[in-house]
$ cat structure-v1.tsv   # TSV, C-alpha atoms
chain	number	residue	atom	x	y	z
A	164	MET	CA	32.96	37.18	1.50
A	165	VAL	CA	32.25	38.04	5.13
A	166	LEU	CA	31.11	41.57	5.89
A	167	ASN	CA	31.00	43.50	9.13
A	168	CYS	CA	28.34	46.09	9.96
A	169	LYS	CA	30.40	49.02	8.65
A	170	HIS	CA	30.81	47.32	5.27
A	171	VAL	CA	27.06	46.85	5.09
A	172	TRP	CA	26.33	50.48	5.97
A	173	ASP	CA	28.77	51.60	3.30
A	174	GLN	CA	26.79	49.64	0.73
A	175	ILE	CA	23.29	50.31	1.98
A	176	SER	CA	22.53	53.03	-0.56
A	177	ASN	CA	23.81	50.98	-3.50
A	178	TYR	CA	21.91	47.98	-2.16
A	179	ILE	CA	18.67	49.98	-2.12
A	180	GLU	CA	19.45	51.08	-5.69
A	181	ASP	CA	20.01	47.43	-6.64
A	182	ASP	CA	23.45	48.55	-7.76
A	183	VAL	CA	25.72	45.92	-6.20
A	184	ALA	CA	27.41	42.90	-7.78
A	185	PRO	CA	25.67	39.55	-7.21
A	186	ASP	CA	28.35	38.17	-4.85
A	187	LEU	CA	28.29	41.35	-2.76
A	188	ARG	CA	24.50	41.26	-2.66
A	189	GLU	CA	24.64	37.71	-1.41
A	190	ALA	CA	27.14	38.63	1.31
A	191	ILE	CA	25.01	41.60	2.40
A	192	GLU	CA	21.92	39.44	2.61
A	193	GLU	CA	23.82	36.81	4.57
A	194	HIS	CA	24.82	39.53	7.05
A	195	LEU	CA	21.30	40.99	7.23
A	196	ALA	CA	19.85	37.57	7.99
A	197	HIS	CA	21.91	37.43	11.17
A	198	CYS	CA	22.20	41.08	12.23
A	199	ARG	CA	18.95	42.66	13.37
A	200	HIS	CA	20.63	46.04	13.84
A	201	CYS	CA	21.67	46.26	10.19
A	202	ALA	CA	18.31	44.88	9.09
A	203	ALA	CA	16.64	47.68	11.08
A	204	VAL	CA	18.94	50.30	9.56
A	205	LEU	CA	18.07	49.04	6.09
A	206	ASP	CA	14.34	48.95	6.79
A	207	SER	CA	14.27	52.39	8.36
A	208	THR	CA	16.35	53.96	5.60
A	209	ARG	CA	14.20	52.41	2.91
A	210	ASN	CA	10.99	53.49	4.60
A	211	ILE	CA	12.20	57.05	5.06
A	212	LEU	CA	12.88	57.13	1.32
A	213	TYR	CA	9.33	55.97	0.64
A	214	LEU	CA	8.06	58.78	2.84
A	215	ILE	CA	10.05	61.60	1.29
A	216	ALA	CA	9.09	60.47	-2.22
A	217	ASP	CA	5.43	60.99	-1.36
A	218	ASP	CA	3.95	63.84	-3.39
A	219	ARG	CA	2.30	65.28	-0.30
A	220	VAL	CA	5.55	65.98	1.53
A	221	PHE	CA	6.74	68.61	-0.91
A	222	GLU	CA	4.10	70.60	-2.71
A	223	LEU	CA	4.44	73.46	-5.12
A	224	PRO	CA	3.33	76.89	-3.90
A	225	VAL	CA	-0.28	77.58	-4.91
A	226	GLY	CA	-0.35	79.46	-8.22
A	227	TYR	CA	3.30	78.71	-9.04
A	228	SER	CA	2.60	77.44	-12.54
A	229	ASP	CA	0.25	80.32	-13.39
A	230	ARG	CA	2.79	82.94	-12.30
A	231	LEU	CA	5.61	81.19	-14.12
A	232	HIS	CA	3.74	81.08	-17.42
A	233	ALA	CA	2.46	84.64	-17.03
A	234	ARG	CA	6.07	85.82	-16.66
A	235	LEU	CA	7.09	83.73	-19.64
A	236	ARG	CA	4.25	85.15	-21.74
A	237	GLU	CA	5.44	88.67	-20.98
A	238	GLU	CA	8.97	87.75	-21.96
A	239	ILE	CA	7.93	86.14	-25.23
A	240	ALA	CA	5.63	89.05	-26.06
A	241	SER	CA	8.43	91.55	-25.44
A	242	GLY	CA	10.69	89.61	-27.79
A	243	GLY	CA	13.08	88.81	-24.93
B	150	MET	CA	-4.40	75.20	-7.49
B	151	GLU	CA	-5.01	71.62	-6.40
B	152	VAL	CA	-4.11	69.90	-9.64
B	153	GLU	CA	-0.82	71.68	-9.83
B	154	ALA	CA	0.26	70.55	-6.38
B	155	HIS	CA	-0.08	66.94	-7.38
B	156	SER	CA	1.16	67.04	-10.93
B	157	SER	CA	3.73	64.36	-11.56
B	158	GLY	CA	6.36	66.42	-13.34
B	159	SER	CA	7.94	63.25	-14.64
B	160	LEU	CA	11.31	63.48	-16.19
B	161	ALA	CA	12.18	62.00	-19.45
B	162	GLY	CA	10.84	63.65	-22.50
B	163	ASP	CA	9.19	60.31	-23.06
B	164	SER	CA	5.67	61.68	-22.94
B	165	PRO	CA	3.46	61.05	-25.95
B	166	GLY	CA	3.03	63.73	-28.57
B	167	ILE	CA	5.72	66.05	-29.84
B	168	GLY	CA	9.15	65.31	-28.39
B	169	ASP	CA	11.45	67.85	-26.79
B	170	ALA	CA	13.81	67.84	-29.80
B	171	GLU	CA	11.05	68.75	-32.23
B	172	LEU	CA	9.66	71.41	-29.90
B	173	ILE	CA	13.10	72.96	-29.55
B	174	ALA	CA	13.61	73.00	-33.31
B	175	ARG	CA	10.26	74.72	-33.85
B	176	ILE	CA	10.90	77.26	-31.09
B	177	LEU	CA	14.26	78.13	-32.58
B	178	ALA	CA	12.59	78.45	-35.97
B	179	GLY	CA	10.28	81.13	-34.56
B	180	GLU	CA	7.34	79.46	-32.79
B	181	ARG	CA	8.43	80.87	-29.46
B	182	GLU	CA	5.10	80.39	-27.73
B	183	LEU	CA	5.79	76.63	-27.84
B	184	PHE	CA	8.33	77.22	-25.09
B	185	HIS	CA	5.43	77.03	-22.61
B	186	GLU	CA	4.80	73.48	-23.73
B	187	LEU	CA	8.48	72.58	-23.62
B	188	VAL	CA	9.00	73.60	-19.99
B	189	ARG	CA	5.64	72.58	-18.56
B	190	PRO	CA	6.53	68.91	-17.84
B	191	TYR	CA	9.65	70.01	-15.94
B	192	GLU	CA	8.49	73.11	-14.11
B	193	LYS	CA	8.06	71.14	-10.90
B	194	ASN	CA	11.60	69.77	-11.18
B	195	VAL	CA	12.91	73.30	-11.68
B	196	TYR	CA	11.18	74.55	-8.54
B	197	PHE	CA	12.39	71.73	-6.31
B	198	ALA	CA	15.94	71.94	-7.66
B	199	ALA	CA	15.96	75.61	-6.67
B	200	PHE	CA	14.27	74.83	-3.37
B	201	SER	CA	16.88	72.17	-2.53
B	202	VAL	CA	19.49	74.93	-2.52
B	203	LEU	CA	17.54	77.91	-1.21
B	204	GLN	CA	15.17	76.30	1.32
B	205	ASN	CA	12.66	79.10	0.95
B	206	GLU	CA	9.49	79.05	-1.16
B	207	GLN	CA	9.59	82.62	-2.42
B	208	ASP	CA	13.30	82.52	-3.26
B	209	ALA	CA	12.87	79.16	-5.00
B	210	GLU	CA	9.97	80.50	-7.07
B	211	ASP	CA	11.94	83.59	-8.09
B	212	ALA	CA	14.90	81.42	-9.07
B	213	ALA	CA	12.61	79.06	-10.99
B	214	GLN	CA	11.15	81.95	-13.01
B	215	GLU	CA	14.62	83.29	-13.77
B	216	THR	CA	15.72	79.80	-14.78
B	217	VAL	CA	12.96	79.46	-17.34
B	218	LEU	CA	13.68	82.90	-18.81
B	219	LYS	CA	17.38	82.07	-19.04
B	220	ALA	CA	16.60	78.76	-20.73
B	221	LEU	CA	14.49	80.60	-23.32
B	222	LYS	CA	17.24	83.12	-23.93
B	223	ASN	CA	19.95	80.47	-24.20
B	224	LEU	CA	18.03	77.74	-25.97
B	225	ARG	CA	20.37	77.97	-28.96
B	226	ASN	CA	23.20	76.86	-26.68
B	227	PHE	CA	21.41	73.69	-25.65
B	228	ARG	CA	23.23	70.66	-27.02
B	229	ALA	CA	21.04	67.86	-28.23
B	230	GLU	CA	23.24	65.13	-26.77
B	231	SER	CA	22.05	66.02	-23.27
B	232	LYS	CA	18.45	65.89	-22.07
B	233	PHE	CA	16.55	69.15	-21.99
B	234	SER	CA	15.25	68.30	-18.50
B	235	THR	CA	18.71	67.92	-16.96
B	236	TRP	CA	19.97	71.02	-18.78
B	237	LEU	CA	17.07	73.01	-17.38
B	238	VAL	CA	17.59	71.68	-13.86
B	239	SER	CA	21.32	72.41	-14.00
B	240	ILE	CA	20.44	76.04	-14.85
B	241	ALA	CA	18.06	76.07	-11.85
B	242	ILE	CA	20.74	74.77	-9.48
B	243	ASN	CA	23.31	77.28	-10.72
B	244	GLU	CA	20.80	80.12	-10.49
B	245	ALA	CA	19.86	79.11	-6.94
B	246	ARG	CA	23.50	78.75	-5.87
B	247	ALA	CA	24.29	82.19	-7.26
B	248	ARG	CA	21.38	83.69	-5.30
B	249	LEU	CA	22.49	81.89	-2.15
B	250	ARG	CA	26.04	83.23	-2.51
B	251	HIS	CA	24.67	86.71	-3.08
B	252	ALA	CA	22.46	86.46	0.00
B	253	ARG	CA	25.37	85.24	2.11
B	254	VAL	CA	27.53	88.14	1.00
B	255	LEU	CA	24.74	90.56	1.84
B	256	LYS	CA	24.46	89.07	5.28
B	257	PHE	CA	28.24	89.40	5.78
B	258	GLU	CA	28.47	85.76	6.51
B	259	SER	CA	31.65	83.90	5.79
B	260	VAL	CA	31.32	81.95	2.58
B	261	ASP	CA	32.88	78.63	3.26
B	262	GLU	CA	32.73	76.70	0.03
B	263	SER	CA	34.72	73.72	1.23
B	264	PRO	CA	32.47	70.69	1.08
B	265	PRO	CA	31.99	68.50	4.12
B	266	ASP	CA	34.13	65.42	4.31
B	267	GLU	CA	32.61	62.90	1.91
B	268	GLU	CA	34.79	59.95	2.80
B	269	GLY	CA	34.76	59.87	6.57
B	270	GLY	CA	33.04	57.23	8.58
B	271	PHE	CA	29.40	57.50	9.46
B	272	THR	CA	27.37	55.63	12.00
B	273	PRO	CA	23.66	55.21	11.42
B	274	SER	CA	21.16	55.24	14.21
B	275	VAL	CA	20.83	51.68	15.44
B	276	ILE	CA	17.37	50.96	16.65
B	277	SER	CA	16.37	47.60	17.97
B	278	ASP	CA	13.69	46.70	15.48
B	279	TRP	CA	12.15	49.14	13.09
B	280	ARG	CA	9.21	46.86	12.45
B	281	GLU	CA	8.08	47.25	16.05
B	282	VAL	CA	7.51	50.95	15.54
B	283	PRO	CA	3.89	51.94	16.01
B	284	LEU	CA	3.31	55.20	14.26
B	285	GLU	CA	-0.36	56.02	14.03
B	286	ALA	CA	-0.31	59.11	16.26
B	287	LEU	CA	1.47	61.44	13.92
B	288	GLU	CA	-0.74	63.80	12.03
B	289	ARG	CA	0.15	64.22	8.40
B	290	LYS	CA	1.21	67.81	8.89
B	291	GLU	CA	3.52	66.83	11.70
B	292	LEU	CA	5.10	64.13	9.56
B	293	ARG	CA	5.58	66.49	6.64
B	294	GLU	CA	7.28	69.04	8.87
B	295	LEU	CA	9.49	66.36	10.39
B	296	LEU	CA	10.66	65.22	6.95
B	297	GLN	CA	11.13	68.75	5.66
B	298	LYS	CA	13.15	69.74	8.72
B	299	ALA	CA	15.34	66.68	8.39
B	300	ILE	CA	16.08	67.48	4.75
B	301	ALA	CA	16.67	71.15	5.58
B	302	SER	CA	19.21	70.10	8.21
B	303	LEU	CA	21.44	68.40	5.63
B	304	PRO	CA	24.46	70.24	4.23
B	305	GLU	CA	23.68	71.68	0.80
B	306	ILE	CA	25.53	69.10	-1.31
B	307	TYR	CA	23.63	66.26	0.35
B	308	ARG	CA	20.29	68.06	0.25
B	309	GLU	CA	20.63	68.66	-3.50
B	310	VAL	CA	21.32	65.07	-4.36
B	311	LEU	CA	18.60	63.73	-2.05
B	312	LEU	CA	16.01	66.06	-3.54
B	313	LEU	CA	16.96	65.14	-7.09
B	314	ARG	CA	17.22	61.38	-6.65
B	315	ASP	CA	14.79	60.54	-3.86
B	316	VAL	CA	12.15	63.27	-4.12
B	317	GLU	CA	12.22	64.16	-7.81
B	318	GLU	CA	13.24	60.64	-8.79
B	319	PHE	CA	15.94	61.59	-11.26
B	320	SER	CA	18.18	58.66	-12.18
B	321	ILE	CA	21.77	58.62	-10.89
B	322	ALA	CA	22.95	59.66	-14.37
B	323	GLU	CA	20.42	62.50	-14.61
B	324	SER	CA	21.33	63.72	-11.12
B	325	ALA	CA	25.01	63.69	-12.06
B	326	ALA	CA	24.34	65.64	-15.26
B	327	ALA	CA	22.16	68.20	-13.48
B	328	LEU	CA	24.72	68.74	-10.72
B	329	GLY	CA	27.75	68.68	-13.02
B	330	VAL	CA	29.50	65.93	-11.05
B	331	SER	CA	30.35	62.28	-11.75
B	332	GLU	CA	27.98	59.42	-11.04
B	333	GLY	CA	30.45	58.19	-8.41
B	334	VAL	CA	30.18	61.49	-6.55
B	335	VAL	CA	26.37	61.30	-6.71
B	336	LYS	CA	26.44	57.79	-5.20
B	337	THR	CA	28.83	58.81	-2.42
B	338	ARG	CA	26.75	61.85	-1.52
B	339	LEU	CA	23.56	59.86	-1.73
B	340	LEU	CA	24.86	57.30	0.76
B	341	ARG	CA	25.77	60.02	3.23
B	342	ALA	CA	22.50	61.88	2.68
B	343	ARG	CA	20.39	58.78	3.18
B	344	LEU	CA	22.26	57.69	6.31
B	345	MET	CA	22.03	61.21	7.73
B	346	MET	CA	18.27	61.13	7.15
B	347	GLN	CA	18.09	57.75	8.83
B	348	LYS	CA	20.11	58.98	11.77
B	349	VAL	CA	17.95	62.06	12.28
B	350	LEU	CA	14.57	60.51	11.59
B	351	ALA	CA	14.62	56.90	12.78
B	352	PRO	CA	14.73	57.73	16.52
B	353	LYS	CA	12.02	60.39	16.12
B	354	LEU	CA	9.74	58.12	14.16
B	355	LYS	CA	10.35	55.33	16.63
B	356	SER	CA	9.44	57.55	19.56
B	357	LYS	CA	6.07	58.32	18.04
B	358	ARG	CA	3.24	56.04	18.87
B	359	SER	CA	1.45	54.72	15.84
B	360	GLY	CA	0.42	55.06	12.34
B	361	LEU	CA	2.42	57.47	10.49
B	362	PHE	CA	2.79	55.09	7.64
B	363	GLY	CA	-0.90	54.39	7.32
B	364	LEU	CA	-1.10	57.85	5.83
B	365	PHE	CA	1.01	56.69	2.94
B	366	ARG	CA	-0.51	53.28	2.44
B	367	ASN	CA	-1.99	54.14	-0.93
B	368	ARG	CA	1.37	54.83	-2.41
B	369	ALA	CA	3.59	52.32	-0.71
B	370	GLY	CA	1.32	49.43	-0.03
B	371	GLY	CA	0.58	47.99	3.39
B	372	SER	CA	3.20	45.30	3.64
B	373	TRP	CA	6.45	47.15	3.37
B	374	PHE	CA	6.74	47.94	6.99

$ encode --input "structure-v1.tsv" --output "structure tokens"
Amino acid sequence: MVLNCKHVWDQISNYIEDDVAPDLREAIEEHLAHCRHCAAVLDSTRNILYLIADDRVFELPVGYSDRLHARLREEIASGG
Amino acid sequence: MEVEAHSSGSLAGDSPGIGDAELIARILAGERELFHELVRPYEKNVYFAAFSVLQNEQDAEDAAQETVLKALKNLRNFRAESKFSTWLVSIAINEARARLRHARVLKFESVDESPPDEEGGFTPSVISDWREVPLEALERKELRELLQKAIASLPEIYREVLLLRDVEEFSIAESAAALGVSEGVVKTRLLRARLMMQKVLAPKLKSKRSGLFGLFRNRAGGSWF
């Protein structure tokens, strides 16, 4: 199985998820070994995903949990 | 509250102690105050699901509160074959979408519900060699804003799936259940969302000189770059 760059981009998300069949994975890796552009696209995509998963990128508003449970307490107390 | 900002909010209902199913049974039998305990592990997921749609802290918090009240009111309708976490998040997404539609109507904007083309071709940003990128100059705040802006720039359907899968770390199946779409649709949207993020961010990150990623070394390890 020989893949071009477009085929690799189409599979890049599934590849990151480890959700591709073994023969397709092998073909992708064969392509990546010889195509520095696609290797860079894979690396950059994967690293961006590491970054956005970091807890410090998205934080809850200060006091969110307290306000949520206060509202819930009122609702439960009122029999709602 | 510092602790709150870093709470894990893990999905699953696999935490030790009383399981979701038992909590739900006891709440329905009259111990309504246990609802606090039931929602606490997922309250972060609820907020970010709402935020993925609304893109505004105050609106997302209001929608999150409404979500939890609706879940309490409708708990009898929860079906045990689905996970409580995904049920709760699906309520949050629907609540947030309803608020967004309402806000659009109020602003007299046209409500174009047709989704962007999900099948068309897409070209990622080709950079010569990502590993050459020196990134130390970015302050953490600057990085955070860059990432948040990139996510905010995505069309709603892509933003939702990216927030659920890549920020909240729902599985593909959980994301599909929460969004009410098939797993295939989640995967297609995820591919587009990830490549859009790459296209927007890779050139910006490359243009920065130095150490951005050093800021995240604790989580990701030093050798992945």

$ closest_atom_pairs --input "structure-v1.tsv" --of "chain A" --to "chain B" --cutoff "6 Å" --atoms "all atoms listed in the file" --output "CSV"
residue,atom,partner,partner_atom,distance
A:Ser176,CA,B:Leu340,CA,5.0
A:His200,CA,B:Val275,CA,5.9
A:Ala203,CA,B:Trp279,CA,5.1
A:Thr208,CA,B:Gln347,CA,5.3
A:Ala216,CA,B:Val316,CA,4.6
A:Val220,CA,B:Arg293,CA,5.1
A:Glu222,CA,B:Ala154,CA,5.3
A:Leu223,CA,B:Ala154,CA,5.2
A:Val225,CA,B:Met150,CA,5.4
A:Gly226,CA,B:Met150,CA,5.9
A:Leu231,CA,B:Gln214,CA,5.7

$ axis_aligned_box --input "structure-v1.tsv" --around "segment 220-227 of chain B" --padding-each-side "8 Å" --output "AutoDock Vina command-line options"
--center_x 18.8 --center_y 78.4 --center_z -24.8 --size_x 24.7 --size_y 25.4 --size_z 24.2

$ closest_residue --input "structure-v1.tsv" --among "A:Tyr213, A:Ser207, A:Ser228, A:Asn167" --to "Glu192 of chain A" --atoms "only C-alpha atoms"
A:Asn167

$ closest_residue --input "structure-v1.tsv" --among "A:Arg209, A:His197, A:Arg236, A:Arg219" --to "Glu180 of chain A" --atoms "all atoms listed in the file"
A:Arg209

$ closest_residue --input "structure-v1.tsv" --among "A:Val171, A:Pro224, A:Ile215, A:Ala233" --to "Asp208 of chain B" --atoms "all atoms listed in the file"
A:Pro224

$ atom_distance --input "structure-v1.tsv" --atom1 "atom CA of Ala220 of chain B" --atom2 "atom CA of Asn243 of chain B"
12.1 Å

$ atom_distance --input "structure-v1.tsv" --atom1 "atom CA of Tyr307 of chain B" --atom2 "atom CA of Ser201 of chain B"
9.4 Å

$ atom_distance --input "structure-v1.tsv" --atom1 "atom CA of Phe227 of chain B" --atom2 "atom CA of Val334 of chain B"
24.3 Å

$ closest_residue --input "structure-v1.tsv" --among "B:Arg175, B:Lys232, B:Arg225, B:Lys353" --to "Ala299 of chain B" --atoms "only C-alpha atoms"
B:Lys353

$ closest_residue --input "structure-v1.tsv" --among "A:Gln174, A:Ile179, A:Arg188, A:Arg234" --to "Leu212 of chain A" --atoms "all atoms listed in the file"
A:Ile179

$ build_atoms --input "structure-v1.tsv" --residues "segment 181-211 of chain B" --atoms "N, CA and C atoms" --output "PDB file, keeping the file's coordinate frame"
ATOM      1  N   ARG B 181       7.931  80.715 -30.820  1.00  0.00           N
ATOM      2  CA  ARG B 181       8.430  80.870 -29.460  1.00  0.00           C
ATOM      3  C   ARG B 181       7.398  80.549 -28.373  1.00  0.00           C
ATOM      4  N   GLU B 182       6.124  80.692 -28.736  1.00  0.00           N
ATOM      5  CA  GLU B 182       5.100  80.390 -27.730  1.00  0.00           C
ATOM      6  C   GLU B 182       5.092  78.900 -27.350  1.00  0.00           C
ATOM      7  N   LEU B 183       5.701  78.057 -28.174  1.00  0.00           N
ATOM      8  CA  LEU B 183       5.790  76.630 -27.840  1.00  0.00           C
ATOM      9  C   LEU B 183       6.712  76.376 -26.642  1.00  0.00           C
ATOM     10  N   PHE B 184       7.442  77.387 -26.249  1.00  0.00           N
ATOM     11  CA  PHE B 184       8.330  77.220 -25.090  1.00  0.00           C
ATOM     12  C   PHE B 184       7.518  76.880 -23.829  1.00  0.00           C
ATOM     13  N   HIS B 185       6.301  77.394 -23.741  1.00  0.00           N
ATOM     14  CA  HIS B 185       5.430  77.030 -22.610  1.00  0.00           C
ATOM     15  C   HIS B 185       5.289  75.513 -22.519  1.00  0.00           C
ATOM     16  N   GLU B 186       5.031  74.917 -23.675  1.00  0.00           N
ATOM     17  CA  GLU B 186       4.800  73.480 -23.730  1.00  0.00           C
ATOM     18  C   GLU B 186       6.090  72.705 -23.410  1.00  0.00           C
ATOM     19  N   LEU B 187       7.197  73.244 -23.857  1.00  0.00           N
ATOM     20  CA  LEU B 187       8.480  72.580 -23.620  1.00  0.00           C
ATOM     21  C   LEU B 187       8.812  72.497 -22.129  1.00  0.00           C
ATOM     22  N   VAL B 188       8.591  73.574 -21.401  1.00  0.00           N
ATOM     23  CA  VAL B 188       9.000  73.600 -19.990  1.00  0.00           C
ATOM     24  C   VAL B 188       7.952  73.020 -19.031  1.00  0.00           C
ATOM     25  N   ARG B 189       6.705  72.975 -19.488  1.00  0.00           N
ATOM     26  CA  ARG B 189       5.640  72.580 -18.560  1.00  0.00           C
ATOM     27  C   ARG B 189       5.878  71.237 -17.854  1.00  0.00           C
ATOM     28  N   PRO B 190       6.334  70.192 -18.553  1.00  0.00           N
ATOM     29  CA  PRO B 190       6.530  68.910 -17.840  1.00  0.00           C
ATOM     30  C   PRO B 190       7.627  68.974 -16.774  1.00  0.00           C
ATOM     31  N   TYR B 191       8.496  69.960 -16.848  1.00  0.00           N
ATOM     32  CA  TYR B 191       9.650  70.010 -15.940  1.00  0.00           C
ATOM     33  C   TYR B 191       9.598  71.161 -14.951  1.00  0.00           C
ATOM     34  N   GLU B 192       8.507  71.922 -14.961  1.00  0.00           N
ATOM     35  CA  GLU B 192       8.490  73.110 -14.110  1.00  0.00           C
ATOM     36  C   GLU B 192       8.540  72.749 -12.627  1.00  0.00           C
ATOM     37  N   LYS B 193       7.994  71.583 -12.290  1.00  0.00           N
ATOM     38  CA  LYS B 193       8.060  71.140 -10.900  1.00  0.00           C
ATOM     39  C   LYS B 193       9.510  70.786 -10.527  1.00  0.00           C
ATOM     40  N   ASN B 194      10.201  70.110 -11.432  1.00  0.00           N
ATOM     41  CA  ASN B 194      11.600  69.770 -11.180  1.00  0.00           C
ATOM     42  C   ASN B 194      12.447  71.019 -10.982  1.00  0.00           C
ATOM     43  N   VAL B 195      12.161  72.050 -11.779  1.00  0.00           N
ATOM     44  CA  VAL B 195      12.910  73.300 -11.680  1.00  0.00           C
ATOM     45  C   VAL B 195      12.713  73.928 -10.298  1.00  0.00           C
ATOM     46  N   TYR B 196      11.463  73.952  -9.847  1.00  0.00           N
ATOM     47  CA  TYR B 196      11.180  74.550  -8.540  1.00  0.00           C
ATOM     48  C   TYR B 196      11.905  73.803  -7.423  1.00  0.00           C
ATOM     49  N   PHE B 197      11.795  72.477  -7.425  1.00  0.00           N
ATOM     50  CA  PHE B 197      12.390  71.730  -6.310  1.00  0.00           C
ATOM     51  C   PHE B 197      13.916  71.718  -6.365  1.00  0.00           C
ATOM     52  N   ALA B 198      14.473  71.807  -7.568  1.00  0.00           N
ATOM     53  CA  ALA B 198      15.940  71.940  -7.660  1.00  0.00           C
ATOM     54  C   ALA B 198      16.361  73.244  -6.986  1.00  0.00           C
ATOM     55  N   ALA B 199      15.641  74.318  -7.289  1.00  0.00           N
ATOM     56  CA  ALA B 199      15.960  75.610  -6.670  1.00  0.00           C
ATOM     57  C   ALA B 199      15.706  75.560  -5.163  1.00  0.00           C
ATOM     58  N   PHE B 200      14.612  74.913  -4.797  1.00  0.00           N
ATOM     59  CA  PHE B 200      14.270  74.830  -3.370  1.00  0.00           C
ATOM     60  C   PHE B 200      15.314  74.024  -2.591  1.00  0.00           C
ATOM     61  N   SER B 201      15.896  72.998  -3.230  1.00  0.00           N
ATOM     62  CA  SER B 201      16.880  72.170  -2.530  1.00  0.00           C
ATOM     63  C   SER B 201      18.080  73.017  -2.102  1.00  0.00           C
ATOM     64  N   VAL B 202      18.366  74.052  -2.856  1.00  0.00           N
ATOM     65  CA  VAL B 202      19.490  74.930  -2.520  1.00  0.00           C
ATOM     66  C   VAL B 202      19.035  76.047  -1.574  1.00  0.00           C
ATOM     67  N   LEU B 203      17.907  76.666  -1.891  1.00  0.00           N
ATOM     68  CA  LEU B 203      17.540  77.910  -1.210  1.00  0.00           C
ATOM     69  C   LEU B 203      16.698  77.726   0.057  1.00  0.00           C
ATOM     70  N   GLN B 204      15.941  76.624   0.107  1.00  0.00           N
ATOM     71  CA  GLN B 204      15.170  76.300   1.320  1.00  0.00           C
ATOM     72  C   GLN B 204      14.156  77.374   1.692  1.00  0.00           C
ATOM     73  N   ASN B 205      13.634  78.037   0.700  1.00  0.00           N
ATOM     74  CA  ASN B 205      12.660  79.100   0.950  1.00  0.00           C
ATOM     75  C   ASN B 205      11.742  79.180  -0.266  1.00  0.00           C
ATOM     76  N   GLU B 206      10.429  79.135  -0.035  1.00  0.00           N
ATOM     77  CA  GLU B 206       9.490  79.050  -1.160  1.00  0.00           C
ATOM     78  C   GLU B 206       9.584  80.230  -2.115  1.00  0.00           C
ATOM     79  N   GLN B 207       9.593  81.445  -1.552  1.00  0.00           N
ATOM     80  CA  GLN B 207       9.590  82.620  -2.420  1.00  0.00           C
ATOM     81  C   GLN B 207      10.890  82.717  -3.224  1.00  0.00           C
ATOM     82  N   ASP B 208      12.015  82.474  -2.555  1.00  0.00           N
ATOM     83  CA  ASP B 208      13.300  82.520  -3.260  1.00  0.00           C
ATOM     84  C   ASP B 208      13.363  81.448  -4.339  1.00  0.00           C
ATOM     85  N   ALA B 209      12.833  80.262  -4.019  1.00  0.00           N
ATOM     86  CA  ALA B 209      12.870  79.160  -5.000  1.00  0.00           C
ATOM     87  C   ALA B 209      11.996  79.502  -6.207  1.00  0.00           C
ATOM     88  N   GLU B 210      10.851  80.129  -5.946  1.00  0.00           N
ATOM     89  CA  GLU B 210       9.970  80.500  -7.070  1.00  0.00           C
ATOM     90  C   GLU B 210      10.629  81.567  -7.950  1.00  0.00           C
ATOM     91  N   ASP B 211      11.240  82.549  -7.316  1.00  0.00           N
ATOM     92  CA  ASP B 211      11.940  83.590  -8.090  1.00  0.00           C
ATOM     93  C   ASP B 211      13.044  82.966  -8.950  1.00  0.00           C
TER      94      ASP B 211
END
